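Before any comments, here is the structure.
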Protein chains: 4
Amino acid sequence: MGANDRVRLGMVGGGQGAFIGAVHRIAARLDDMYALICGALSSDPIRAHASAAEIGLEPGRSYGSYIEMFATEQDRSDGMEAVAIVTPNDLHYPVARAALQAGFHVICDKPLATSVAEADELVQLAASVSRIFAVTYNYSGYPMVRQARSMVARGDIGALRVVQVEYPQAWLASPLEVTGQKQAAWRTDPSRSGPGGAIGDIGSHAFHLACFVTGRVPVEILADLSTFVPGRRVDDNAHVLLRFADGARGMLWASQVAHGHENALRLRAYGEAGGL
Amino acid sequence: MGANDRVRLGMVGGGQGAFIGAVHRIAARLDDMYALICGALSSDPIRAHASAAEIGLEPGRSYGSYIEMFATEQDRSDGMEAVAIVTPNDLHYPVARAALQAGFHVICDKPLATSVAEADELVQLAASVSRIFAVTYNYSGYPMVRQARSMVARGDIGALRVVQVEYPQAWLASPLEVTGQKQAAWRTDPSRSGPGGAIGDIGSHAFHLACFVTGRVPVEILADLSTFVPGRRVDDNAHVLLRFADGARGMLWASQVAHGHENALRLRAYGEAGGL
Amino acid sequence: MGANDRVRLGMVGGGQGAFIGAVHRIAARLDDMYALICGALSSDPIRAHASAAEIGLEPGRSYGSYIEMFATEQDRSDGMEAVAIVTPNDLHYPVARAALQAGFHVICDKPLATSVAEADELVQLAASVSRIFAVTYNYSGYPMVRQARSMVARGDIGALRVVQVEYPQAWLASPLEVTGQKQAAWRTDPSRSGPGGAIGDIGSHAFHLACFVTGRVPVEILADLSTFVPGRRVDDNAHVLLRFADGARGMLWASQVAHGHENALRLRAYGEAGGL
Amino acid sequence: MGANDRVRLGMVGGGQGAFIGAVHRIAARLDDMYALICGALSSDPIRAHASAAEIGLEPGRSYGSYIEMFATEQDRSDGMEAVAIVTPNDLHYPVARAALQAGFHVICDKPLATSVAEADELVQLAASVSRIFAVTYNYSGYPMVRQARSMVARGDIGALRVVQVEYPQAWLASPLEVTGQKQAAWRTDPSRSGPGGAIGDIGSHAFHLACFVTGRVPVEILADLSTFVPGRRVDDNAHVLLRFADGARGMLWASQVAHGHENALRLRAYGEAGGL
């Protein structure tokens, strides 16, 4: 992979104080198939430029807004080809829409959007402009997950019967959001994270993993969402019963108040002939 | 504990081909506080006597029926003091009732009975004759379980929030009952095991453990019982959502079709201040 | 196994304050093939009789000394058939010799004796009187150990190359013997435990396990014995290099000062074709 | 860290068929503090240039030999500042010496050299030219290892008593070197790997880890080196007894014939007050 062959990547979000942007950048460097060449790293232009300097972007490729970045990069012969959207959830939809409309491929963090209508629109838009639209359900990239999916698909465990998936975390067991911690603040603010708390933030990962590995989607769902931390405006624990079209049954548990767990995503699937 | 100080124990059930009777006998010898002195080890008198000889009971203390045993032992000065009932579920109620009426203390395997009405009657009868009535939720005897209960009780994890309990087994993943396997046959026969399959056989253990450790009982329950093995007449998988009076939430999973698990009982409880 | 068919067992040692005697008694009850009918449970007759009462021996079968017990039981038609020797190490040899000479089978705790000469004499004596002489290397009874031995014997791992065995304990990491703790006192007193400390007490288990599983005995040994606790008169840590006749090599580590380990016996064996 | 602030790195070795070079490159990208700008990736110029193209080096910065690279880069204003040496062991010494003499900082893979004399010379040379000379005992970079070292240093486990370190691998359990596998070929060839096999390749890691964490170096060593695979010219298993100046004792085991282990480096240290 020569330097000139790398995909020219831009980033929206991921400035100082952010969490997942740096993870995306490290992942892109690990692969060595992307070159990060521009960014609108914060909605605050001062912070955006400071963040860009810190990670070594050329000053002329640091932008104060994603609108400015899309407009400028669109016109450069060596301009951005794809954009990674690593903002709080409320911006996924408007930024992704603008990026697709400007002709860029999109790598968007989960959850895709904060309503079904927004999600549907993005799906259609991506199809109409023939651009790749990738949602980073990153757990589906692990070799072990891929192998599990293959084993289910080729019938190693026989007809699927039971799926148990869980994603417990501990970090929001106390009202961290009132301390000013930036991650906790936006993730528990419905105007920024969308209506879902734990169910959207990590339940989405657990749900996707269950669907990805088993190769099917539930047809009936019953959820018991709870908020345990007083004053919190979104759920911080979700218990969900799952029913699949072919008779399989499952349970999903996502929690951000489960002391002792950092990111304990775990999937178990049992079929007629075996389990994994 | 001198030999003459040991509790004189009789046993109903637990003959050749049985499973749990031998476990009870080993447990009683480990404690060294019981002397097994008589038995009605099978409903088949031939098998009962052969079984008694095999484990070294005196021939005169092996009985062909529990009715005979209760009547005879009642009149001996060195007669049985307590009886262990280790029969299939359908006999728990009639044997226990007869034992209490004859004045014996009772150690009964779970589930206590096969209907709420039977269970209520036994509770009242035991109280009216002032006899000990013990149901062998054996997991509650483990030191670790006792410690967990104490930790919750003294507030180590703070106000309870989430309880996850599960008891997966694999042994009924295929229709073992049609092969003539004695254990599988009675446990999947509603006339002998009662209406519940997995939920009664092992869900009862999981439920008791959750209640025992947390010191409380759910006020609302929603269960999704499934039967995965074709032709089976009782459930072999149970998914249950739990709601406790004080706002805590939980999930219970009991399965006899979960490949790879032998007796994987597991409880996790999370509170405001910690988890275990 | 009828009551009259059980092996009539006596015990020397194992009174109040002892550790391993109770373990032997529980193991004998688990098997249900022994009936403990007499004992000389302590070298102190008062303590011996109190201990016998506590565990329910008939008063007439509690003896103040093993010499008295052997003489009396020898003459009873329902007398002791085998004796379990669970005393401190220094008594293994004299008690075992007397028992064999009186015609009893012997179950003796490890180490067999405190010198090679004593051990040789016992081996010859047992042969000459045609009595069973069992040394309780109890770890060799575990199903997993038996399976490992079978796997090595039938060539599952191919020609043996490397054996790593270790037995770390923590309990003597501080000078427990000066606090009056009875177990620590005799096990670190060369006049009672023999010249070896950790090497005799637990190194003997590790060594036997390595020999038992691999089916061979080292031909060359180099040991680095250390005493870490100031004032202790026996070793509390042993590092040993092993060389076997067929070119295999090994390491043995036994320690009683390894914080964090209770009884962490562990064996690994590697051959040309596999490891376990 | 701006692009122009990154350390300009060159690499000797690490072309197609090599193993550790790619690991160094990934590690350098993860840190994002290095820019790989040139390389002499193979002693075979054709392979060197093909390898350079594959990883995206500018064609003009791919060299056919390290001698050429050092001479050319020395004169460029934007030339290499540091060189990573990831060749077979026999080249560590000549390449490192040439690099230091040309004024470059050196990052050299272990083992440092194949004789004590060579190692001493490099140490003196690095000091005399005031250049950084780093040997990649990479395990010492793990947070857990750093924490262990800190805990020992501040006395958390008290005075050191016992150190158990081991590094078993399985990959050379069969004569892989005769199949043409490049890694196995040079690592078992004394002319390229130096006189040590397992002891040099992975024993060096285990030894360094033990010294790094405990903060001390053994004063007496006794090693039993074995070669189990017929025809192999270097050791493939090493058992070593360690004695430290302050009375601590240890064992080191390094093996490349231990089936079931990939890279199972493990250190345990026990002191007067605790273990880790």
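In the structure tokens, each chain is lettered A, B, ... as it comes, each chain's residues begin at 1, and ligands are numbered from 1 in order of appearance.
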To test your reading of the structure, identify every residue in segment 111-182 of chain C that backbone DSSP assigns to strand (DSSP E or B), and report it as an MDAnalysis selection string. chainID C and resid 133:135 160:168
Can you write just those residues out, N, CA and C atoms, as a PDB file, in the first residue's frame?
```pdb
ATOM      1  N   PHE C 133       0.067 -52.139  51.999  1.00  0.00           N
ATOM      2  CA  PHE C 133       0.639 -50.931  52.589  1.00  0.00           C
ATOM      3  C   PHE C 133       0.396 -49.793  51.606  1.00  0.00           C
ATOM      4  N   ALA C 134      -0.537 -48.918  51.951  1.00  0.00           N
ATOM      5  CA  ALA C 134      -0.909 -47.830  51.043  1.00  0.00           C
ATOM      6  C   ALA C 134      -0.405 -46.503  51.590  1.00  0.00           C
ATOM      7  N   VAL C 135       0.278 -45.735  50.753  1.00  0.00           N
ATOM      8  CA  VAL C 135       0.692 -44.382  51.130  1.00  0.00           C
ATOM      9  C   VAL C 135      -0.252 -43.402  50.424  1.00  0.00           C
ATOM     10  N   LEU C 160       8.222 -38.475  25.961  1.00  0.00           N
ATOM     11  CA  LEU C 160       8.229 -37.395  26.955  1.00  0.00           C
ATOM     12  C   LEU C 160       9.465 -36.505  26.786  1.00  0.00           C
ATOM     13  N   ARG C 161       9.259 -35.185  26.870  1.00  0.00           N
ATOM     14  CA  ARG C 161      10.380 -34.251  26.780  1.00  0.00           C
ATOM     15  C   ARG C 161      10.547 -33.408  28.040  1.00  0.00           C
ATOM     16  N   VAL C 162       9.470 -32.754  28.460  1.00  0.00           N
ATOM     17  CA  VAL C 162       9.592 -31.788  29.547  1.00  0.00           C
ATOM     18  C   VAL C 162       8.472 -31.993  30.568  1.00  0.00           C
ATOM     19  N   VAL C 163       8.831 -31.962  31.853  1.00  0.00           N
ATOM     20  CA  VAL C 163       7.861 -32.083  32.938  1.00  0.00           C
ATOM     21  C   VAL C 163       8.015 -30.881  33.865  1.00  0.00           C
ATOM     22  N   GLN C 164       6.953 -30.122  34.062  1.00  0.00           N
ATOM     23  CA  GLN C 164       6.974 -28.976  34.978  1.00  0.00           C
ATOM     24  C   GLN C 164       5.952 -29.246  36.082  1.00  0.00           C
ATOM     25  N   VAL C 165       6.424 -29.371  37.292  1.00  0.00           N
ATOM     26  CA  VAL C 165       5.488 -29.623  38.383  1.00  0.00           C
ATOM     27  C   VAL C 165       5.749 -28.616  39.486  1.00  0.00           C
ATOM     28  N   GLU C 166       4.683 -28.161  40.126  1.00  0.00           N
ATOM     29  CA  GLU C 166       4.861 -27.179  41.191  1.00  0.00           C
ATOM     30  C   GLU C 166       3.776 -27.335  42.239  1.00  0.00           C
ATOM     31  N   TYR C 167       4.136 -26.995  43.451  1.00  0.00           N
ATOM     32  CA  TYR C 167       3.180 -27.064  44.556  1.00  0.00           C
ATOM     33  C   TYR C 167       3.458 -25.876  45.479  1.00  0.00           C
ATOM     34  N   PRO C 168       2.935 -24.726  45.142  1.00  0.00           N
ATOM     35  CA  PRO C 168       3.129 -23.577  46.023  1.00  0.00           C
ATOM     36  C   PRO C 168       2.009 -23.449  47.065  1.00  0.00           C
TER      37      PRO C 168
END
```
Need to verify the contact set: segment 183-198 of chain B, 7 Å, only C-alpha atoms, exclusion of same-chain residues closer than 4 positions in sequence. Can you return it as a list of chain:residue names?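 In the requested form, the answer reads B:Pro88, B:Asn89, B:Asp90, B:Thr114, B:Leu176, B:Glu177, B:Ile202, B:Gly203, B:Arg232, B:Arg233, B:Val234, B:Asp235, B:Asp236, B:Asn237, B:Ala238, B:Ala254, B:Ser255, B:Gln256.
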With N, CA and C atoms retained, export the selected residues as a PDB file, in the first residue's frame.
```pdb
ATOM      1  N   PRO B  88     -39.681 -38.781  42.150  1.00  0.00           N
ATOM      2  CA  PRO B  88     -40.157 -37.829  41.137  1.00  0.00           C
ATOM      3  C   PRO B  88     -41.149 -36.844  41.761  1.00  0.00           C
ATOM      4  N   ASN B  89     -41.324 -35.705  41.086  1.00  0.00           N
ATOM      5  CA  ASN B  89     -42.053 -34.566  41.668  1.00  0.00           C
ATOM      6  C   ASN B  89     -43.483 -34.887  42.083  1.00  0.00           C
ATOM      7  N   ASP B  90     -44.164 -35.753  41.313  1.00  0.00           N
ATOM      8  CA  ASP B  90     -45.594 -35.994  41.587  1.00  0.00           C
ATOM      9  C   ASP B  90     -45.828 -36.639  42.946  1.00  0.00           C
ATOM     10  N   THR B 114     -46.580 -29.745  42.900  1.00  0.00           N
ATOM     11  CA  THR B 114     -46.820 -29.419  41.490  1.00  0.00           C
ATOM     12  C   THR B 114     -47.970 -28.444  41.305  1.00  0.00           C
ATOM     13  N   LEU B 176     -33.865 -37.175  24.727  1.00  0.00           N
ATOM     14  CA  LEU B 176     -33.326 -38.268  25.527  1.00  0.00           C
ATOM     15  C   LEU B 176     -34.440 -39.132  26.118  1.00  0.00           C
ATOM     16  N   GLU B 177     -35.622 -38.508  26.361  1.00  0.00           N
ATOM     17  CA  GLU B 177     -36.713 -39.231  27.011  1.00  0.00           C
ATOM     18  C   GLU B 177     -37.224 -40.392  26.169  1.00  0.00           C
ATOM     19  N   ILE B 202     -35.086 -26.694  37.170  1.00  0.00           N
ATOM     20  CA  ILE B 202     -33.893 -25.897  37.478  1.00  0.00           C
ATOM     21  C   ILE B 202     -34.208 -24.412  37.605  1.00  0.00           C
ATOM     22  N   GLY B 203     -35.273 -23.960  36.929  1.00  0.00           N
ATOM     23  CA  GLY B 203     -35.693 -22.571  37.140  1.00  0.00           C
ATOM     24  C   GLY B 203     -36.011 -22.328  38.607  1.00  0.00           C
ATOM     25  N   ARG B 232     -41.730 -32.917  22.792  1.00  0.00           N
ATOM     26  CA  ARG B 232     -41.601 -32.801  24.259  1.00  0.00           C
ATOM     27  C   ARG B 232     -42.850 -32.124  24.808  1.00  0.00           C
ATOM     28  N   ARG B 233     -43.304 -32.589  25.990  1.00  0.00           N
ATOM     29  CA  ARG B 233     -44.576 -32.101  26.523  1.00  0.00           C
ATOM     30  C   ARG B 233     -44.422 -31.045  27.609  1.00  0.00           C
ATOM     31  N   VAL B 234     -43.200 -30.730  27.967  1.00  0.00           N
ATOM     32  CA  VAL B 234     -42.980 -29.635  28.915  1.00  0.00           C
ATOM     33  C   VAL B 234     -41.961 -28.667  28.327  1.00  0.00           C
ATOM     34  N   ASP B 235     -41.850 -27.481  28.922  1.00  0.00           N
ATOM     35  CA  ASP B 235     -40.875 -26.496  28.445  1.00  0.00           C
ATOM     36  C   ASP B 235     -39.451 -27.001  28.679  1.00  0.00           C
ATOM     37  N   ASP B 236     -38.532 -26.618  27.792  1.00  0.00           N
ATOM     38  CA  ASP B 236     -37.126 -26.931  28.019  1.00  0.00           C
ATOM     39  C   ASP B 236     -36.253 -25.677  27.990  1.00  0.00           C
ATOM     40  N   ASN B 237     -36.893 -24.542  27.915  1.00  0.00           N
ATOM     41  CA  ASN B 237     -36.157 -23.266  27.996  1.00  0.00           C
ATOM     42  C   ASN B 237     -37.105 -22.216  28.556  1.00  0.00           C
ATOM     43  N   ALA B 238     -36.606 -21.398  29.472  1.00  0.00           N
ATOM     44  CA  ALA B 238     -37.442 -20.370  30.080  1.00  0.00           C
ATOM     45  C   ALA B 238     -36.682 -19.059  30.163  1.00  0.00           C
ATOM     46  N   ALA B 254     -33.399 -20.208  32.367  1.00  0.00           N
ATOM     47  CA  ALA B 254     -33.195 -21.618  32.692  1.00  0.00           C
ATOM     48  C   ALA B 254     -33.359 -22.403  31.396  1.00  0.00           C
ATOM     49  N   SER B 255     -32.405 -23.270  31.114  1.00  0.00           N
ATOM     50  CA  SER B 255     -32.486 -24.000  29.851  1.00  0.00           C
ATOM     51  C   SER B 255     -31.920 -25.398  30.017  1.00  0.00           C
ATOM     52  N   GLN B 256     -32.556 -26.342  29.382  1.00  0.00           N
ATOM     53  CA  GLN B 256     -32.023 -27.702  29.355  1.00  0.00           C
ATOM     54  C   GLN B 256     -31.561 -28.095  27.957  1.00  0.00           C
TER      55      GLN B 256
END
```
Using only C-alpha atoms, I'd like every residue of chain D that has an atom within 8 Å of chain C; please write them out as a CSV table (one decimal) with N, CA and C atoms, in the first residue's frame.
```csv
chain,number,residue,atom,x,y,z
D,161,ARG,N,11.8,-13.0,47.8
D,161,ARG,CA,12.2,-14.3,48.1
D,161,ARG,C,12.3,-15.3,46.9
D,162,VAL,N,11.2,-15.3,46.1
D,162,VAL,CA,11.2,-16.3,45.0
D,162,VAL,C,10.7,-15.7,43.8
D,173,ALA,N,8.3,-27.5,18.2
D,173,ALA,CA,8.2,-28.8,18.7
D,173,ALA,C,8.5,-29.9,17.6
D,174,SER,N,8.3,-29.5,16.4
D,174,SER,CA,8.8,-30.4,15.3
D,174,SER,C,9.9,-29.7,14.5
D,226,SER,N,18.6,-28.1,26.8
D,226,SER,CA,18.4,-29.3,26.1
D,226,SER,C,18.0,-29.1,24.6
D,228,PHE,N,15.7,-31.1,22.1
D,228,PHE,CA,14.8,-32.3,22.0
D,228,PHE,C,14.5,-32.7,20.5
D,239,HIS,N,16.2,-24.9,31.2
D,239,HIS,CA,15.8,-24.9,32.6
D,239,HIS,C,16.9,-24.2,33.4
D,241,LEU,N,18.3,-22.3,37.1
D,241,LEU,CA,18.1,-21.9,38.5
D,241,LEU,C,18.8,-20.6,38.7
D,249,ARG,N,15.7,-16.6,45.4
D,249,ARG,CA,16.0,-17.7,44.5
D,249,ARG,C,14.9,-17.7,43.4
D,250,GLY,N,15.3,-18.3,42.3
D,250,GLY,CA,14.3,-18.3,41.2
D,250,GLY,C,14.5,-19.4,40.2
D,251,MET,N,13.5,-19.6,39.4
D,251,MET,CA,13.6,-20.6,38.3
D,251,MET,C,13.2,-19.9,37.0
D,257,VAL,N,9.4,-26.1,22.6
D,257,VAL,CA,8.8,-27.4,22.3
D,257,VAL,C,7.6,-27.8,23.2
D,258,ALA,N,7.0,-26.7,23.8
D,258,ALA,CA,6.0,-26.9,24.8
D,258,ALA,C,4.6,-26.8,24.1
D,259,HIS,N,4.1,-27.9,23.6
D,259,HIS,CA,2.8,-28.0,22.9
D,259,HIS,C,1.7,-27.2,23.7
D,260,GLY,N,1.0,-26.5,22.9
D,260,GLY,CA,-0.2,-25.8,23.5
D,260,GLY,C,0.1,-24.4,23.9
D,270,TYR,N,7.5,-13.5,44.6
D,270,TYR,CA,7.0,-13.6,46.0
D,270,TYR,C,8.0,-13.0,47.0
D,271,GLY,N,7.4,-12.2,47.9
D,271,GLY,CA,8.3,-11.6,48.9
D,271,GLY,C,7.8,-11.9,50.3
D,272,GLU,N,8.4,-11.3,51.2
D,272,GLU,CA,8.1,-11.5,52.6
D,272,GLU,C,6.6,-11.2,52.9
D,273,ALA,N,6.1,-10.1,52.2
D,273,ALA,CA,4.8,-9.6,52.6
D,273,ALA,C,3.7,-9.9,51.5
D,274,GLY,N,4.1,-10.4,50.4
D,274,GLY,CA,3.0,-10.7,49.4
D,274,GLY,C,3.6,-11.3,48.1
D,275,GLY,N,2.8,-11.5,47.2
D,275,GLY,CA,3.2,-12.1,45.9
D,275,GLY,C,2.5,-11.4,44.7
```
Close residues, Arg131 of chain D itself excluded, 10 Å, only C-alpha atoms, min 4 positions apart in chain, as a VMD selection string: chain D and resid 82 99 to 101 103 to 106 125 to 127
Would you please give, as a VMD selection string, all residues of segment 10-228 of chain D that DSSP assigns to alpha helix (DSSP H) based on the backbone? chain D and resid 20 to 31 45 to 55 66 to 74 92 to 101 116 to 129 143 to 153 182 to 187 190 to 193 198 204 to 214
10 Å contact set for Tyr34 of chain C, only C-alpha atoms, chain neighbours under 4 positions out, as a PyMOL selection string: chain C and resi 1+3-10+25+27-30+82
Quick check, in Å to one decimal: how far apart do atom CA of Phe19 of chain C and atom CA of Tyr139 of chain C lie?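 Spanning atom CA of Phe19 of chain C to atom CA of Tyr139 of chain C is a straight-line distance of 17.0 Å.
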Between atom CA of Val86 of chain D and atom CA of Lys182 of chain D, distance in Å (one decimal): 14.3 Å
Residue contacts of Gly79 of chain D (10 Å, only C-alpha atoms) excluding same-chain residues fewer than 3 positions away, as a list in words: Arg8, Leu9, Gly10, Ile37, Cys38, Arg61, Met69, Phe70, Thr72, Glu73, Gln74, Asp75, Arg76 and Ala82 of chain D
So that I can see what lies close to Ser204 of chain D, please list as a list in words the residues with an atom at most 10 Å from it, counting only C-alpha atoms and leaving out residues fewer than 2 positions away in the same chain.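 Listing them by chain and then by number gives Lys110, Pro111, Leu112, Tyr137, Tyr167, Gly196, Ala198, Ile199, Gly200, Asp201, Ile202, Ala206, Phe207, His208, Leu209, Ala210 and Ala254 of chain D.
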Let me see the file: selected residues, N, CA, C and O atoms, as a PDB file, in the first residue's frame.
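Full text of result-v3.pdb as output:
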```
ATOM      1  N   LYS D 110      16.131  -7.754  20.340  1.00  0.00           N
ATOM      2  CA  LYS D 110      16.933  -8.623  21.196  1.00  0.00           C
ATOM      3  C   LYS D 110      17.220  -9.910  20.443  1.00  0.00           C
ATOM      4  O   LYS D 110      16.456 -10.206  19.522  1.00  0.00           O
ATOM      5  N   PRO D 111      18.251 -10.674  20.761  1.00  0.00           N
ATOM      6  CA  PRO D 111      19.295 -10.318  21.720  1.00  0.00           C
ATOM      7  C   PRO D 111      20.215  -9.275  21.134  1.00  0.00           C
ATOM      8  O   PRO D 111      20.433  -9.238  19.917  1.00  0.00           O
ATOM      9  N   LEU D 112      20.783  -8.457  22.014  1.00  0.00           N
ATOM     10  CA  LEU D 112      21.631  -7.348  21.598  1.00  0.00           C
ATOM     11  C   LEU D 112      22.741  -7.810  20.662  1.00  0.00           C
ATOM     12  O   LEU D 112      23.028  -7.181  19.650  1.00  0.00           O
ATOM     13  N   TYR D 137      13.071  -4.999  24.502  1.00  0.00           N
ATOM     14  CA  TYR D 137      12.441  -5.932  25.420  1.00  0.00           C
ATOM     15  C   TYR D 137      11.015  -5.429  25.595  1.00  0.00           C
ATOM     16  O   TYR D 137      10.674  -4.785  26.586  1.00  0.00           O
ATOM     17  N   TYR D 167       8.646 -18.930  29.786  1.00  0.00           N
ATOM     18  CA  TYR D 167       8.242 -18.488  28.450  1.00  0.00           C
ATOM     19  C   TYR D 167       8.170 -19.730  27.564  1.00  0.00           C
ATOM     20  O   TYR D 167       9.104 -20.046  26.833  1.00  0.00           O
ATOM     21  N   GLY D 196      22.853 -19.425  21.119  1.00  0.00           N
ATOM     22  CA  GLY D 196      21.653 -19.778  21.884  1.00  0.00           C
ATOM     23  C   GLY D 196      20.449 -19.969  21.000  1.00  0.00           C
ATOM     24  O   GLY D 196      20.246 -19.231  20.036  1.00  0.00           O
ATOM     25  N   ALA D 198      16.502 -21.408  22.135  1.00  0.00           N
ATOM     26  CA  ALA D 198      15.410 -20.931  22.974  1.00  0.00           C
ATOM     27  C   ALA D 198      15.913 -19.948  24.026  1.00  0.00           C
ATOM     28  O   ALA D 198      15.273 -18.946  24.320  1.00  0.00           O
ATOM     29  N   ILE D 199      17.103 -20.221  24.577  1.00  0.00           N
ATOM     30  CA  ILE D 199      17.604 -19.367  25.660  1.00  0.00           C
ATOM     31  C   ILE D 199      17.855 -17.949  25.154  1.00  0.00           C
ATOM     32  O   ILE D 199      17.598 -16.982  25.866  1.00  0.00           O
ATOM     33  N   GLY D 200      18.334 -17.818  23.902  1.00  0.00           N
ATOM     34  CA  GLY D 200      18.585 -16.482  23.370  1.00  0.00           C
ATOM     35  C   GLY D 200      17.331 -15.833  22.832  1.00  0.00           C
ATOM     36  O   GLY D 200      17.089 -14.638  23.029  1.00  0.00           O
ATOM     37  N   ASP D 201      16.503 -16.614  22.177  1.00  0.00           N
ATOM     38  CA  ASP D 201      15.349 -16.053  21.488  1.00  0.00           C
ATOM     39  C   ASP D 201      14.265 -15.616  22.476  1.00  0.00           C
ATOM     40  O   ASP D 201      13.726 -14.514  22.363  1.00  0.00           O
ATOM     41  N   ILE D 202      13.938 -16.456  23.430  1.00  0.00           N
ATOM     42  CA  ILE D 202      12.850 -16.121  24.353  1.00  0.00           C
ATOM     43  C   ILE D 202      13.302 -16.147  25.810  1.00  0.00           C
ATOM     44  O   ILE D 202      12.764 -15.446  26.649  1.00  0.00           O
ATOM     45  N   ALA D 206      12.439 -13.587  29.010  1.00  0.00           N
ATOM     46  CA  ALA D 206      12.041 -14.011  30.362  1.00  0.00           C
ATOM     47  C   ALA D 206      13.024 -13.481  31.394  1.00  0.00           C
ATOM     48  O   ALA D 206      12.640 -12.966  32.452  1.00  0.00           O
ATOM     49  N   PHE D 207      14.313 -13.572  31.070  1.00  0.00           N
ATOM     50  CA  PHE D 207      15.355 -13.101  31.988  1.00  0.00           C
ATOM     51  C   PHE D 207      15.229 -11.595  32.201  1.00  0.00           C
ATOM     52  O   PHE D 207      15.261 -11.097  33.328  1.00  0.00           O
ATOM     53  N   HIS D 208      15.059 -10.865  31.098  1.00  0.00           N
ATOM     54  CA  HIS D 208      14.933  -9.411  31.228  1.00  0.00           C
ATOM     55  C   HIS D 208      13.707  -9.040  32.042  1.00  0.00           C
ATOM     56  O   HIS D 208      13.749  -8.139  32.888  1.00  0.00           O
ATOM     57  N   LEU D 209      12.611  -9.744  31.804  1.00  0.00           N
ATOM     58  CA  LEU D 209      11.382  -9.435  32.545  1.00  0.00           C
ATOM     59  C   LEU D 209      11.587  -9.646  34.041  1.00  0.00           C
ATOM     60  O   LEU D 209      11.184  -8.815  34.867  1.00  0.00           O
ATOM     61  N   ALA D 210      12.218 -10.762  34.399  1.00  0.00           N
ATOM     62  CA  ALA D 210      12.466 -11.040  35.819  1.00  0.00           C
ATOM     63  C   ALA D 210      13.337  -9.947  36.436  1.00  0.00           C
ATOM     64  O   ALA D 210      13.079  -9.467  37.542  1.00  0.00           O
ATOM     65  N   ALA D 254      12.415 -21.648  29.641  1.00  0.00           N
ATOM     66  CA  ALA D 254      12.108 -21.188  28.282  1.00  0.00           C
ATOM     67  C   ALA D 254      12.076 -22.413  27.395  1.00  0.00           C
ATOM     68  O   ALA D 254      12.987 -23.243  27.444  1.00  0.00           O
TER      69      ALA D 254
END
```
Applying 8 Å and only C-alpha atoms, which residues near Phe244 of chain A remain after dropping the ones on its own chain fewer than 5 positions away? List them as a ChimeraX atom specification. /A:216-220,249
Keeping only N, CA, C and O atoms, write those residues as a compact mmCIF listing (two decimals), in the first residue's frame.
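The resulting file, out-v2.txt, is reproduced below:
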```txt
# COMPACT_ATOMS: atom_id res chain seq x y z
N ARG A 216 -29.87 -13.46 11.50
CA ARG A 216 -31.31 -13.16 11.44
C ARG A 216 -31.66 -12.04 12.41
O ARG A 216 -30.88 -11.69 13.30
N VAL A 217 -32.89 -11.52 12.25
CA VAL A 217 -33.35 -10.35 13.00
C VAL A 217 -34.61 -10.74 13.76
O VAL A 217 -35.44 -11.49 13.23
N PRO A 218 -34.77 -10.31 15.01
CA PRO A 218 -35.98 -10.67 15.76
C PRO A 218 -37.25 -10.13 15.09
O PRO A 218 -37.22 -9.07 14.47
N VAL A 219 -38.34 -10.87 15.25
CA VAL A 219 -39.62 -10.39 14.73
C VAL A 219 -40.51 -9.85 15.84
O VAL A 219 -41.47 -9.13 15.58
N GLU A 220 -40.23 -10.21 17.08
CA GLU A 220 -40.96 -9.66 18.21
C GLU A 220 -39.96 -9.28 19.28
O GLU A 220 -39.01 -10.02 19.53
N ARG A 249 -35.47 -18.07 20.45
CA ARG A 249 -35.77 -17.11 21.52
C ARG A 249 -34.47 -16.54 22.03
O ARG A 249 -33.42 -17.21 21.97
```
Give me, please, the distance in Å between atom CA of Ser62 of chain D and atom CA of Ala40 of chain D, quoted to one decimal.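 Atom-to-atom, atom CA of Ser62 of chain D to atom CA of Ala40 of chain D, that is 6.1 Å.
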